[in-house]
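Student: Have a look at this one.
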Amino acid sequence: MTGSQNKTVLICDDEANIRESIRYVVNKAGFEFVLAIDGVEAYDKARAVHPDLILLDVGMPGMTGFEVCNRLRADAGFKDVKIIILTAYGQIADQERAAEVGADRFMVKPFSPRDLKQLLCEMLV
Amino acid sequence: MLQRILPRRLDRQVMLFVSLLLSLVVPFFALHEADKSAERVVDSTMLQARALAENISVTSVEHIVTQDFASTEQLLLRSARFPGVEQVQVTDINGRVIGDVFVGQTGEPILRYEAQLVYVPGEADSQLKQSAGLLTVWQPIVGANAVGWVRLSYSLAEAESIANQYLHDYMVDGLIMTVMLIALILLVMRRPLRVLRDAATFAGQLKNKHGEKIPIDKRSVEIEQLGTALNETSENLFEQDAVIKQALKALNTQKSAMDEHSIVSITDVGGYITYANQKFVDATGFSRDELLGKKHDIVKSGFHSKEFFAGMWATISSGNVWHGEILNKSKHGDEVWVNTTIVPFMDESGVPYEYVAIRTDVTEQKKVEQELAEKARSLSQMTDHLEDLVRLRTSELEQANIQLQHLNKVKSEFVSVVSHELRTPLTSIKSFSEILHDDIEELDIDSQKHFLSIINDESERLGRLINDLLDLQKMDSGKMDWNNERVDMVALLSASAELFSKAYADKGLQLKLDFIDGESWVMVDVDRIRQLITNLLSNALKFTETGSVTVAIVNNVGEVEVSVSDTGLGIPEHEIANVFEHFHQVNSSETREIGGSGLGLAICKDIVEHYSGRIWVESELARGSRFVFTLPLLKDDVGCSGEVA
């Protein structure tokens, strides 16, 4: 379960248990991972680490996932970074908002680790 | 003066006039005639006397010559027998009386024998002398030459008597003639005078006898003209009568028609009432006697200004018709509105001498108008009020709508937030249960336990969340069962704090109790108050990393005050107002990390407010927060609740 593919995923969620479950999935899929506990940290770490894919929660204190996504997409260096919005807000408006800010995928909580793993592999391999 | 003396009747005037005229003319005429007759008598007497004297003269010549004095005496005695002779004398040329006879008292001639000398005329011609009713004739006696004189005294009494007789006769004749003349005049004048009198009578009675005719007397042009004129006048008057009667009838009809309809009065230029019809009397309540002669302002109501009446008087006194509505007051104080027309009546010089006022009672109309105006006003007010109400309601509805929209938004947000909050623990549960399911063989026992404990914690969290939601829903909808009982807050607080002592100790925090010595009895649902205290203590525990949490209780007037003070993070000032709202948590990664339903303080607020208490927070960032709530003390126990700390 080592990161043979050498790809890095930034995991951002303010819920510790959810962060842990995602970390488990990413790790199991064989990718490197970086953790962030809120939006501000996610933005900073994204710029520092330049991950291949970012998993963003939406409802976070400080900066929401949408804001993080929006700001990263505004930076030319983050145009091609894969971004998945992973949120418990599952309404159509939220999905539209995700598309607006330039997210590649929109995934609703609770999610299936199985599906998430498959999605990560699809997007990164 | 003359008119008083003169008789008034024309015939008598004529008679008087003729009588006066004749009584002047007739005596004058008679005297004149009598005088002329008397002259003639005297002349004839003179002739007679002269003739006698001549005769004596002629006869006596011879006697004188012959000196036959007896014959002379005889001659004189004969001559003296002639009527009227008073005395007859014969003298010689020197005046010596030769014969002298005079007529005595008895009328017999008496011969006088007295030798005397008389004066004789110087001339030799016969002479006539008249004096004192006596005529004296001197007749010379002439033979071959003058020899003597005859002196004859002749009484004129007879002639005067004759003249008087003439005068008497003339007077009598004149009188008779006068009477006859008067009678004749009266006879001739009788008819015309009667006709004239009749005409006068007719003319006098003409005012009552228009159209009647007087017979025309055609014997006199003037009288015929008079009669014709009178008849024409009578006829004209009759015709005018008819016209006037017709006009009067029409006028009367109009007047009675007007009197039936209108209130009519007439005033003089001074404003004094000279006429008032029955309607005026009825309308004002005054009797006619009370009105006549009074100033018209007897019915003044005082409603109108002085200027109003000044304007009216200015109009009518300058000869113009005035129209207007006047409010009058009756004798009994009733107010009467009259629509009034005042017409000035003017004399030939164009100056008004009276004013005729015609009025119509419009009190009812006015009342209706006023009522209508009143209704219109109140309708307008009602409309305004209604509009106000509509505006108010609209604004209320707008407010309600805004509130509803807000509520709807809140509800949508709430649903969204609730679903988010529910999904969050569910996400962990789902994830780890799937991981455990798929990878159970690969996972070591510690990992399995760890994942399972996560599942368990999140399940409990989900359960608490659902319970909180249900509690809130029950409280918000009033369906919560409040099992109230007498509770001592000191004891309850003490017991609750005891339950947290281990958790605080585990985190290395000190839990201090600052209680009063005594009791604080309240009437509450123990479970709810315990929930309230637990929420506050668990929040303090969650948000405080170091230091202590102090629970205090004091009795204020009528209420117990409980506070939980921590030395934790504190709450930013702009968040303080929102901490008691649903799902509100201070936005910071730390708070989120600590977790919580976000409903605890909302539930606390609902519980406290249910018991009419208050809950608030005092906080300072990095220094800590102090949550305080009050509950009303049971009144009976206020006195025995002990000392206030």
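For the structure tokens, the naming scheme is as follows: chains receive sequential letters (A, B, ...) according to their order of presentation, residues are indexed from 1 within each chain, and ligands are indexed from 1 in presentation order.
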Could you pull the residues within 12 Å of stretch 24-27 of chain B, counting only C-alpha atoms, minus those fewer than 5 positions along the same chain, as a list in words?
Tutor: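 Neighbouring residues, sequence-local ones excluded: Phe17, Val18, Ser19, His32, Glu33, Ala34, Asp35, Leu167, His168, Asp169, Tyr170, Met171, Val172, Asp173, Gly174, Leu175, Ile176, Met177, Thr178, Val179 and Leu181 of chain B.
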Student: Do you know which residues are at most 7 Å from stretch 560-574 of chain B counting only C-alpha atoms, after dropping those on the same chain fewer than 5 positions away, and could you put them as a PDB file with C-alpha atoms, in the first residue's frame?
Tutor:
ATOM      1  CA  SER B 520     -33.352  28.165  46.160  1.00  0.00           C
ATOM      2  CA  LEU B 536     -23.610  24.738  30.065  1.00  0.00           C
ATOM      3  CA  ALA B 540     -17.470  25.048  29.425  1.00  0.00           C
ATOM      4  CA  PHE B 543     -14.187  25.232  25.216  1.00  0.00           C
ATOM      5  CA  THR B 544     -11.797  25.500  28.149  1.00  0.00           C
ATOM      6  CA  GLU B 545      -8.313  24.053  27.788  1.00  0.00           C
ATOM      7  CA  GLY B 547      -7.818  26.989  34.120  1.00  0.00           C
ATOM      8  CA  SER B 548     -11.080  26.466  35.838  1.00  0.00           C
ATOM      9  CA  VAL B 549     -14.832  26.572  35.538  1.00  0.00           C
ATOM     10  CA  THR B 550     -16.815  28.152  38.350  1.00  0.00           C
ATOM     11  CA  VAL B 551     -20.472  27.379  39.022  1.00  0.00           C
ATOM     12  CA  ALA B 552     -22.191  30.007  41.201  1.00  0.00           C
ATOM     13  CA  ILE B 553     -25.689  30.436  42.511  1.00  0.00           C
ATOM     14  CA  VAL B 554     -27.200  33.482  44.233  1.00  0.00           C
ATOM     15  CA  ASN B 555     -30.701  34.445  45.233  1.00  0.00           C
ATOM     16  CA  SER B 619     -17.496  37.008  27.342  1.00  0.00           C
ATOM     17  CA  GLU B 620     -14.086  38.248  26.472  1.00  0.00           C
ATOM     18  CA  LEU B 621     -11.871  36.586  23.873  1.00  0.00           C
ATOM     19  CA  ALA B 622      -9.086  34.479  25.387  1.00  0.00           C
ATOM     20  CA  ARG B 623     -10.265  35.369  28.880  1.00  0.00           C
ATOM     21  CA  GLY B 624     -13.354  33.231  29.061  1.00  0.00           C
ATOM     22  CA  SER B 625     -17.104  33.305  29.041  1.00  0.00           C
ATOM     23  CA  ARG B 626     -19.734  33.596  31.721  1.00  0.00           C
ATOM     24  CA  PHE B 627     -23.131  32.040  30.932  1.00  0.00           C
ATOM     25  CA  VAL B 628     -25.849  33.209  33.281  1.00  0.00           C
ATOM     26  CA  PHE B 629     -29.495  32.221  33.668  1.00  0.00           C
ATOM     27  CA  THR B 630     -32.207  33.178  36.139  1.00  0.00           C
ATOM     28  CA  LEU B 631     -35.345  31.380  37.235  1.00  0.00           C
ATOM     29  CA  PRO B 632     -38.194  32.800  39.327  1.00  0.00           C
ATOM     30  CA  LEU B 633     -38.122  31.705  42.952  1.00  0.00           C
TER      31      LEU B 633
END
Student: Neighbouring residues of A:Ile11 were defined as those with any atom within 8 Å, considering only C-alpha atoms; residues of the same chain fewer than 3 positions away were excluded. Please report them as JSON, numbers by chain.
Tutor: {"A": [19, 22, 23, 33, 34, 35, 36, 42, 54, 55, 56]}
Student: Convert the current residue selection to file output with N, CA and C atoms, as an mmCIF file, in the first residue's frame.
Tutor:
data_model
loop_
_atom_site.group_PDB
_atom_site.id
_atom_site.type_symbol
_atom_site.label_atom_id
_atom_site.label_comp_id
_atom_site.auth_asym_id
_atom_site.auth_seq_id
_atom_site.Cartn_x
_atom_site.Cartn_y
_atom_site.Cartn_z
ATOM 1 N N ARG A 19 -11.902 12.969 8.282
ATOM 2 C CA ARG A 19 -10.532 13.074 7.756
ATOM 3 C C ARG A 19 -9.842 11.701 7.813
ATOM 4 N N ILE A 22 -11.114 9.247 5.173
ATOM 5 C CA ILE A 22 -10.624 9.596 3.831
ATOM 6 C C ILE A 22 -9.129 9.242 3.713
ATOM 7 N N ARG A 23 -8.408 9.578 4.776
ATOM 8 C CA ARG A 23 -6.974 9.263 4.788
ATOM 9 C C ARG A 23 -6.761 7.760 4.552
ATOM 10 N N PHE A 33 -0.521 11.497 0.978
ATOM 11 C CA PHE A 33 -1.603 12.390 1.416
ATOM 12 C C PHE A 33 -1.068 13.469 2.335
ATOM 13 N N VAL A 34 -1.757 14.599 2.299
ATOM 14 C CA VAL A 34 -1.479 15.711 3.212
ATOM 15 C C VAL A 34 -2.828 16.070 3.838
ATOM 16 N N LEU A 35 -2.830 16.380 5.172
ATOM 17 C CA LEU A 35 -4.094 16.673 5.852
ATOM 18 C C LEU A 35 -4.218 18.185 6.147
ATOM 19 N N ALA A 36 -5.427 18.658 6.046
ATOM 20 C CA ALA A 36 -5.714 20.052 6.455
ATOM 21 C C ALA A 36 -7.023 20.045 7.226
ATOM 22 N N ALA A 42 -5.950 24.349 4.208
ATOM 23 C CA ALA A 42 -5.998 23.652 2.919
ATOM 24 C C ALA A 42 -5.361 24.500 1.828
ATOM 25 N N ILE A 54 -7.114 17.386 -4.841
ATOM 26 C CA ILE A 54 -7.542 17.930 -3.549
ATOM 27 C C ILE A 54 -8.957 17.467 -3.270
ATOM 28 N N LEU A 55 -9.142 16.933 -2.050
ATOM 29 C CA LEU A 55 -10.477 16.546 -1.577
ATOM 30 C C LEU A 55 -10.917 17.636 -0.599
ATOM 31 N N LEU A 56 -11.951 18.387 -0.979
ATOM 32 C CA LEU A 56 -12.353 19.554 -0.187
ATOM 33 C C LEU A 56 -13.725 19.400 0.431
#
Student: With only C-alpha atoms as the basis for distance, which of B:Val417, B:Ile326, B:Ile56, B:Ile216 is at the shortest distance from chain A?
Tutor: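 Nearest to chain A: B:Val417.
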Student: Apply DSSP to the backbone of this structure and, from chain A, keep only the residues in strand (DSSP E); write these as an MDAnalysis selection string.
Tutor: chainID A and resid 8:12 32:36 53:56 82:87 105:108
Student: Once you have the residues from the selection above, write them out as a PDB file, in the first residue's frame, restricted to C-alpha atoms.
Tutor:
ATOM      1  CA  THR A   8      -0.206  13.343  -3.629  1.00  0.00           C
ATOM      2  CA  VAL A   9      -3.708  13.985  -2.402  1.00  0.00           C
ATOM      3  CA  LEU A  10      -4.606  16.916  -0.114  1.00  0.00           C
ATOM      4  CA  ILE A  11      -7.364  15.914   2.291  1.00  0.00           C
ATOM      5  CA  CYS A  12      -9.290  18.763   3.848  1.00  0.00           C
ATOM      6  CA  GLU A  32       0.580  10.201  -0.728  1.00  0.00           C
ATOM      7  CA  PHE A  33      -1.603  12.390   1.416  1.00  0.00           C
ATOM      8  CA  VAL A  34      -1.479  15.711   3.212  1.00  0.00           C
ATOM      9  CA  LEU A  35      -4.094  16.673   5.852  1.00  0.00           C
ATOM     10  CA  ALA A  36      -5.714  20.052   6.455  1.00  0.00           C
ATOM     11  CA  LEU A  53      -5.705  16.094  -6.251  1.00  0.00           C
ATOM     12  CA  ILE A  54      -7.542  17.930  -3.549  1.00  0.00           C
ATOM     13  CA  LEU A  55     -10.477  16.546  -1.577  1.00  0.00           C
ATOM     14  CA  LEU A  56     -12.353  19.554  -0.187  1.00  0.00           C
ATOM     15  CA  LYS A  82      -7.979  17.782  -9.773  1.00  0.00           C
ATOM     16  CA  ILE A  83     -10.399  19.014  -7.187  1.00  0.00           C
ATOM     17  CA  ILE A  84     -13.196  16.954  -5.669  1.00  0.00           C
ATOM     18  CA  ILE A  85     -15.790  18.687  -3.530  1.00  0.00           C
ATOM     19  CA  LEU A  86     -16.885  16.253  -0.837  1.00  0.00           C
ATOM     20  CA  THR A  87     -19.748  17.643   1.171  1.00  0.00           C
ATOM     21  CA  ARG A 105     -16.202  16.391  -9.207  1.00  0.00           C
ATOM     22  CA  PHE A 106     -18.880  16.720  -6.593  1.00  0.00           C
ATOM     23  CA  MET A 107     -19.407  13.927  -4.094  1.00  0.00           C
ATOM     24  CA  VAL A 108     -22.068  13.844  -1.400  1.00  0.00           C
TER      25      VAL A 108
END
Student: With a distance threshold of 12 Å and counting only C-alpha atoms, extract the residues of chain A near chain B and express them as a PyMOL selection string.
Tutor: chain A and resi 1+12-25+28+36-41+57-64+86-94+107-117
Student: Dump C-alpha atoms for the selected residues as a PDB file, in the first residue's frame?
Tutor:
ATOM      1  CA  MET A   1       0.000   0.000   0.000  1.00  0.00           C
ATOM      2  CA  CYS A  12      -9.290  18.763   3.848  1.00  0.00           C
ATOM      3  CA  ASP A  13     -12.118  18.281   6.363  1.00  0.00           C
ATOM      4  CA  ASP A  14     -12.853  19.847   9.755  1.00  0.00           C
ATOM      5  CA  GLU A  15     -14.290  16.581  11.080  1.00  0.00           C
ATOM      6  CA  ALA A  16     -11.459  14.475  12.466  1.00  0.00           C
ATOM      7  CA  ASN A  17     -13.240  11.132  11.981  1.00  0.00           C
ATOM      8  CA  ILE A  18     -14.102  11.929   8.406  1.00  0.00           C
ATOM      9  CA  ARG A  19     -10.532  13.074   7.756  1.00  0.00           C
ATOM     10  CA  GLU A  20      -9.398   9.736   9.115  1.00  0.00           C
ATOM     11  CA  SER A  21     -11.707   7.695   6.949  1.00  0.00           C
ATOM     12  CA  ILE A  22     -10.624   9.596   3.831  1.00  0.00           C
ATOM     13  CA  ARG A  23      -6.974   9.263   4.788  1.00  0.00           C
ATOM     14  CA  TYR A  24      -7.561   5.493   5.057  1.00  0.00           C
ATOM     15  CA  VAL A  25      -9.083   5.359   1.567  1.00  0.00           C
ATOM     16  CA  LYS A  28      -5.240   2.250   0.684  1.00  0.00           C
ATOM     17  CA  ALA A  36      -5.714  20.052   6.455  1.00  0.00           C
ATOM     18  CA  ILE A  37      -8.255  20.766   9.194  1.00  0.00           C
ATOM     19  CA  ASP A  38      -9.873  23.848   7.677  1.00  0.00           C
ATOM     20  CA  GLY A  39     -10.046  25.931   4.532  1.00  0.00           C
ATOM     21  CA  VAL A  40      -7.210  28.301   5.374  1.00  0.00           C
ATOM     22  CA  GLU A  41      -4.850  25.409   6.072  1.00  0.00           C
ATOM     23  CA  ASP A  57     -15.049  19.649   2.415  1.00  0.00           C
ATOM     24  CA  VAL A  58     -17.375  22.649   2.060  1.00  0.00           C
ATOM     25  CA  GLY A  59     -18.700  23.594   5.524  1.00  0.00           C
ATOM     26  CA  MET A  60     -15.560  24.641   7.310  1.00  0.00           C
ATOM     27  CA  PRO A  61     -14.763  27.507   9.630  1.00  0.00           C
ATOM     28  CA  GLY A  62     -12.568  30.290   8.311  1.00  0.00           C
ATOM     29  CA  MET A  63     -12.791  29.548   4.592  1.00  0.00           C
ATOM     30  CA  THR A  64     -15.296  27.239   2.904  1.00  0.00           C
ATOM     31  CA  LEU A  86     -16.885  16.253  -0.837  1.00  0.00           C
ATOM     32  CA  THR A  87     -19.748  17.643   1.171  1.00  0.00           C
ATOM     33  CA  ALA A  88     -22.741  16.893   3.399  1.00  0.00           C
ATOM     34  CA  TYR A  89     -24.571  19.737   1.631  1.00  0.00           C
ATOM     35  CA  GLY A  90     -26.098  17.689  -1.158  1.00  0.00           C
ATOM     36  CA  GLN A  91     -28.475  20.072  -2.832  1.00  0.00           C
ATOM     37  CA  ILE A  92     -28.476  20.930  -6.533  1.00  0.00           C
ATOM     38  CA  ALA A  93     -27.509  24.518  -5.742  1.00  0.00           C
ATOM     39  CA  ASP A  94     -24.400  23.229  -3.994  1.00  0.00           C
ATOM     40  CA  MET A 107     -19.407  13.927  -4.094  1.00  0.00           C
ATOM     41  CA  VAL A 108     -22.068  13.844  -1.400  1.00  0.00           C
ATOM     42  CA  LYS A 109     -21.548  12.633   2.172  1.00  0.00           C
ATOM     43  CA  PRO A 110     -21.995  10.001   3.403  1.00  0.00           C
ATOM     44  CA  PHE A 111     -19.871   8.522   0.685  1.00  0.00           C
ATOM     45  CA  SER A 112     -18.781   4.977  -0.040  1.00  0.00           C
ATOM     46  CA  PRO A 113     -15.017   4.519   0.534  1.00  0.00           C
ATOM     47  CA  ARG A 114     -15.171   1.985  -2.256  1.00  0.00           C
ATOM     48  CA  ASP A 115     -16.539   4.554  -4.718  1.00  0.00           C
ATOM     49  CA  LEU A 116     -14.115   7.213  -3.533  1.00  0.00           C
ATOM     50  CA  LYS A 117     -11.169   4.885  -4.050  1.00  0.00           C
TER      51      LYS A 117
END
Student: Find the residues around B:Asp527 up to 12 Å (only C-alpha atoms counted), leave out those fewer than 5 positions away in its own chain, and share them as a list of chain:residue names.
Tutor: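 Residues meeting the cut-off are B:Asp471, B:Met480, B:Asp481, B:Trp482, B:Asn483, B:Asn484, B:Glu485, B:Val487, B:Leu492, B:Ser496, B:Leu532, B:Ile533, B:Thr534, B:Ile607.
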Student: Between A:Val81, A:Ala99, A:Leu119, A:Val26, which is the closest to A:Arg47 once you count only C-alpha atoms?
Tutor: A:Val81
Student: Just to confirm, what's the straight-line distance from atom CA of B:His582 to atom CA of B:Val526 in Å (one decimal)?
Tutor: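 Between atom CA of B:His582 and atom CA of B:Val526 the gap is 23.1 Å.
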Student: As JSON, numbers by chain, list the residues of stretch 14-117 of chain B assigned to alpha helix (DSSP H) by DSSP on the backbone atoms of this structure.
Tutor: {"B": [14, 15, 16, 17, 18, 19, 20, 21, 22, 23, 24, 25, 26, 27, 28, 29, 30, 31, 32, 33, 34, 35, 36, 37, 38, 39, 40, 41, 42, 43, 44, 45, 46, 47, 48, 49, 50, 51, 52, 53, 54, 55, 56, 57, 58, 59, 60, 61, 62, 63, 64, 65, 66, 69, 70, 71, 72, 73, 74, 75, 76, 77, 78, 79]}
Student: Rounded to one decimal in Å, what is the spacing between atom CA of B:Asn539 and atom CA of B:Ile603?
Tutor: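 These two atoms are separated by 12.9 Å.
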Student: Any idea what's packed within 7 Å of A:Cys69, counting only C-alpha atoms, ignoring anything in its chain fewer than 6 positions away? Could you give it as a list in words?
Tutor: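 Surrounding residues, per the criterion: Val101, Gly102 and Ala103 of chain A.
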Student: Restricting the calculation to only C-alpha atoms, which member of B:Glu239, B:Gly107, B:Tyr355, B:Asn252 is positioned closest to B:Thr274?
Tutor: B:Tyr355
Student: Please measure the separation of atom CA of B:Gln127 and atom CA of B:Val150, giving the value in Å to one decimal.
Tutor: 10.3 Å
Student: At a cut-off of 9 Å, using only C-alpha atoms, what residues contact B:Val103? Leave out same-chain residues fewer than 3 positions from it and give the result as a ChimeraX atom specification.
Tutor: /B:80-81,85-88,106-111
Student: List as a list of chain:residue names the protein and nucleic acid residues near B:Arg112, meaning an atom at most 8 Å away when only C-alpha atoms are counted, but skip any in the same chain fewer than 2 places from it.
Tutor: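 The residues satisfying every condition are B:Gly99, B:Asp100, B:Val101, B:Phe102, B:Ile110, B:Glu114.
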Student: Just the selected residues (N, CA and C atoms), exported as a CSV table (one decimal), in the first residue's frame, please.
Tutor:
chain,number,residue,atom,x,y,z
B,99,GLY,N,-151.6,195.2,-4.1
B,99,GLY,CA,-152.5,194.1,-3.7
B,99,GLY,C,-151.7,193.0,-3.2
B,100,ASP,N,-152.2,192.4,-2.1
B,100,ASP,CA,-151.4,191.2,-1.6
B,100,ASP,C,-152.3,190.2,-1.1
B,101,VAL,N,-152.3,189.0,-1.7
B,101,VAL,CA,-153.2,187.9,-1.2
B,101,VAL,C,-152.2,186.7,-0.9
B,102,PHE,N,-152.6,186.0,0.3
B,102,PHE,CA,-151.8,184.8,0.5
B,102,PHE,C,-152.8,183.7,0.9
B,110,ILE,N,-156.4,184.9,1.4
B,110,ILE,CA,-156.7,186.0,2.4
B,110,ILE,C,-156.0,187.3,1.8
B,114,GLU,N,-151.7,195.4,4.3
B,114,GLU,CA,-150.5,196.0,4.9
B,114,GLU,C,-149.7,196.8,3.8
